[in-house]
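Each remark here refers to the structure printed beneath this line.
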Amino acid sequence: MRFYLAILALLSLATPALAQTEDSYALARAIVADIGKIVTPNGVQETFEATLGGARQIVNVRGADQDNPILIFVHGGPGAVEMPFAWAFQRPWEDVFTVVQYDQRGAGRSYPLNDPATLAPTMTVERYRDDAIELIELLKKRYDKRKVVLMGHSWGSIVGLSVAAERPDLLYAYVGVGQGIDFREGEKAGMAWTRAKALAAGNAEAVAAIDALAPYPQGEFTIAKADGWRKYAIPYGSLIYNKPDLKYYFQTPRLSPEYTAADVQAWGKGSAFSVTTLWPRLADVSFKSVHKMDVPIVFLLGRHDYTVPSPVAAQWFGQVEAPSKKLVWLEHSAHMPMVEEPGHFFAALLRDVLPLTKETK
């Protein structure tokens, strides 16, 4: 759920100027592609189109050994695809998991494959949940697997936790990163944190702007209001800890072997479309009434995450029952721990997630 700066950055990248200069990145992209190429005899590296819930969606699969368990990454946003960023952090995962990234309906490379007017009415939490379930079934059959690990990040954690609640039989484990629990409560906590930071910094403009959003997050639930406080939160480190200037982070896709200039343009349009369409429908989404899960759960939370405030997720985690559960704090991270602390993040996958796949084959 990284909205304001992310959308502006995406739209700034998706310009004719980028298309005209895109070739200047060709050599760098070729180097990245060569470094990341899967060359092991039983490896897999493929991108294909799947129709999920009637919507065409792009799926990317990478792994050094197809006998490894599948880990599906459900990206955030809505519309904030992770496929063009994955080259910067995912490669170590691919030695122990077969890693799947997919661009959700209305997002990234999937956006131009479907008519937005037809797609818009289908964009509900339930439909995204069922898309993910269809994808799991497809991948199980395609790679002859019994279960998968599902990892949801940010908005994707709402989708992922919904899948885990609905179809625990499909999963070895559910992994929540930047986990959302209750939209209104999360917005309230994030706004309060940002206001306190602004007040301490003497930023009267930010304090006044946040106060002017009232009664939000009650009442009307719009992306404009969500952006209204996040544009002040991000410079205080709510998205990436101690890194208020994210210019170069949002240029990561320029070096992605998976995304062309045209794909980046589609990404910008799809991000704006997805978040504008879906956000008002999320106001009352909450897992606070869920007290028991029937699948092992692991939360990897940034200690400084106030984009989707980690204290809200930690509180829910503390009271929920599950066959097993583990909460890992990434002490020097905010909302993007796989980018901010890639070593600690990968260590947690090895220590706390991978063993959960060894129970059954």
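By order in the structure tokens, chains are A, B, ...; within a chain, residues start at 1; ligands start at 1, following the order shown.
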Could you give me, as a Markdown table, every segment 225-261 of chain A residue with an atom at most 9 Å from segment 329-351 of chain A, plus its closest atom pair and distance in Å to one decimal, counting only C-alpha atoms, rows ordered by chain then number?
```
| residue | atom | partner | partner_atom | distance |
| --- | --- | --- | --- | --- |
| A:Gly237 | CA | A:Ala334 | CA | 7.0 |
| A:Ser238 | CA | A:Ala334 | CA | 5.8 |
| A:Leu239 | CA | A:His335 | CA | 4.8 |
| A:Ile240 | CA | A:Ala334 | CA | 5.1 |
| A:Tyr241 | CA | A:Ala334 | CA | 5.0 |
| A:Asn242 | CA | A:His332 | CA | 8.6 |
```
Looking only at strand (DSSP E) from DSSP on the backbone, list the matching residues of segment 217-329 of chain A as an MDAnalysis selection string.
chainID A and resid 297:302 325:329
Lys145 of chain A surroundings by only C-alpha atoms, 8 Å radius, close-in-sequence under 5 positions cut, as a ChimeraX atom specification
/A:69-70,139-140,361
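Atom to atom, atom CA of Lys325 of chain A and atom CA of Ala86 of chain A stand 26.2 Å apart.
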Members of segment 50-191 of chain A assigned helix (DSSP H, G or I) by DSSP, as a PyMOL selection string:
chain A and resi 86-88+91-95+108-113+116-122+125-143+155-166+168-170+183-191
Which segment 23-128 of chain A residues have any atom within 10 Å of an atom of segment 158-179 of chain A, and for each, what is the nearest pair of atoms with distance in Å to one decimal, counting only C-alpha atoms, rows sorted by chain and number, as a tab-separated table?
```
residue	atom	partner	partner_atom	distance
A:Pro69	CA	A:Tyr172	CA	9.2
A:Ile70	CA	A:Tyr172	CA	9.7
A:Leu71	CA	A:Ala173	CA	9.6
A:Ile72	CA	A:Gly160	CA	9.6
A:Phe73	CA	A:Gly160	CA	9.0
A:Val74	CA	A:Gly160	CA	6.8
A:His75	CA	A:Val159	CA	9.2
A:Gly76	CA	A:Ile158	CA	9.0
A:Thr124	CA	A:Val159	CA	9.9
A:Val125	CA	A:Val159	CA	6.5
A:Glu126	CA	A:Ser162	CA	8.0
A:Arg127	CA	A:Val159	CA	9.2
A:Tyr128	CA	A:Val159	CA	6.3
```
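If only C-alpha atoms are the atoms counted, then among A:Asn203, A:Thr307, A:Ser256, A:Gln45 the closest residue to Ile31 of chain A is A:Ser256.
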Using only C-alpha atoms, find the one residue out of A:Pro280, A:Gly54, A:Pro257, A:Gly63 that sits nearest to Glu220 of chain A.
A:Pro280
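The two atoms in question, atom CA of Pro311 of chain A and atom CA of Gly190 of chain A, are spaced 10.1 Å apart.
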Compile the contact shell of Ala322 of chain A as a ChimeraX atom specification: residues with an atom at most 9 Å away, counting only C-alpha atoms, same-chain residues fewer than 3 positions apart removed.
/A:291-297,325
Neighbour list for Ile223 of chain A as a compact mmCIF listing (two decimals) with N, CA, C and O atoms, in the first residue's frame, cut-off 7 Å, only C-alpha atoms, skip fewer than 3 positions in-chain:
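The result, written out as part-v4.txt:
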```
# COMPACT_ATOMS: atom_id res chain seq x y z
N ALA A 226 -6.04 9.16 1.63
CA ALA A 226 -4.92 8.30 2.02
C ALA A 226 -3.59 8.93 1.61
O ALA A 226 -2.61 8.91 2.37
N ASP A 227 -3.56 9.50 0.41
CA ASP A 227 -2.37 10.20 -0.05
C ASP A 227 -2.09 11.45 0.77
O ASP A 227 -0.94 11.87 0.92
N THR A 276 -7.20 3.69 -7.49
CA THR A 276 -8.38 4.56 -7.50
C THR A 276 -9.67 3.75 -7.46
O THR A 276 -10.62 4.11 -6.76
N TRP A 279 -9.44 1.20 -3.75
CA TRP A 279 -9.29 1.75 -2.40
C TRP A 279 -10.61 2.03 -1.68
O TRP A 279 -10.77 1.62 -0.52
```
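Here the question is which of A:Trp87, A:Trp93, A:Phe48, A:Trp193 gets nearest to Gly36 of chain A using only C-alpha atoms, and that residue is A:Trp87.
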Identify which of the residues A:Val100, A:Ala209, A:Val32, A:Ala262 lies closest to Gln66 of chain A, counting only C-alpha atoms when measuring atom-to-atom distances.
A:Val100
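Proximity to Arg129 of chain A was assessed for A:Val353, A:Ala26, A:Val44, A:Leu150 counting only C-alpha atoms; the smallest distance is recorded for A:Leu150.
Put simply, atom CA of Ala266 of chain A is 6.6 Å away from atom CA of Pro112 of chain A.
Between Val81 of chain A and the residues A:Asp131, A:Asp144, A:Asp352, A:Glu258, the shortest atom-to-atom distance, using only C-alpha atoms, involves A:Glu258.
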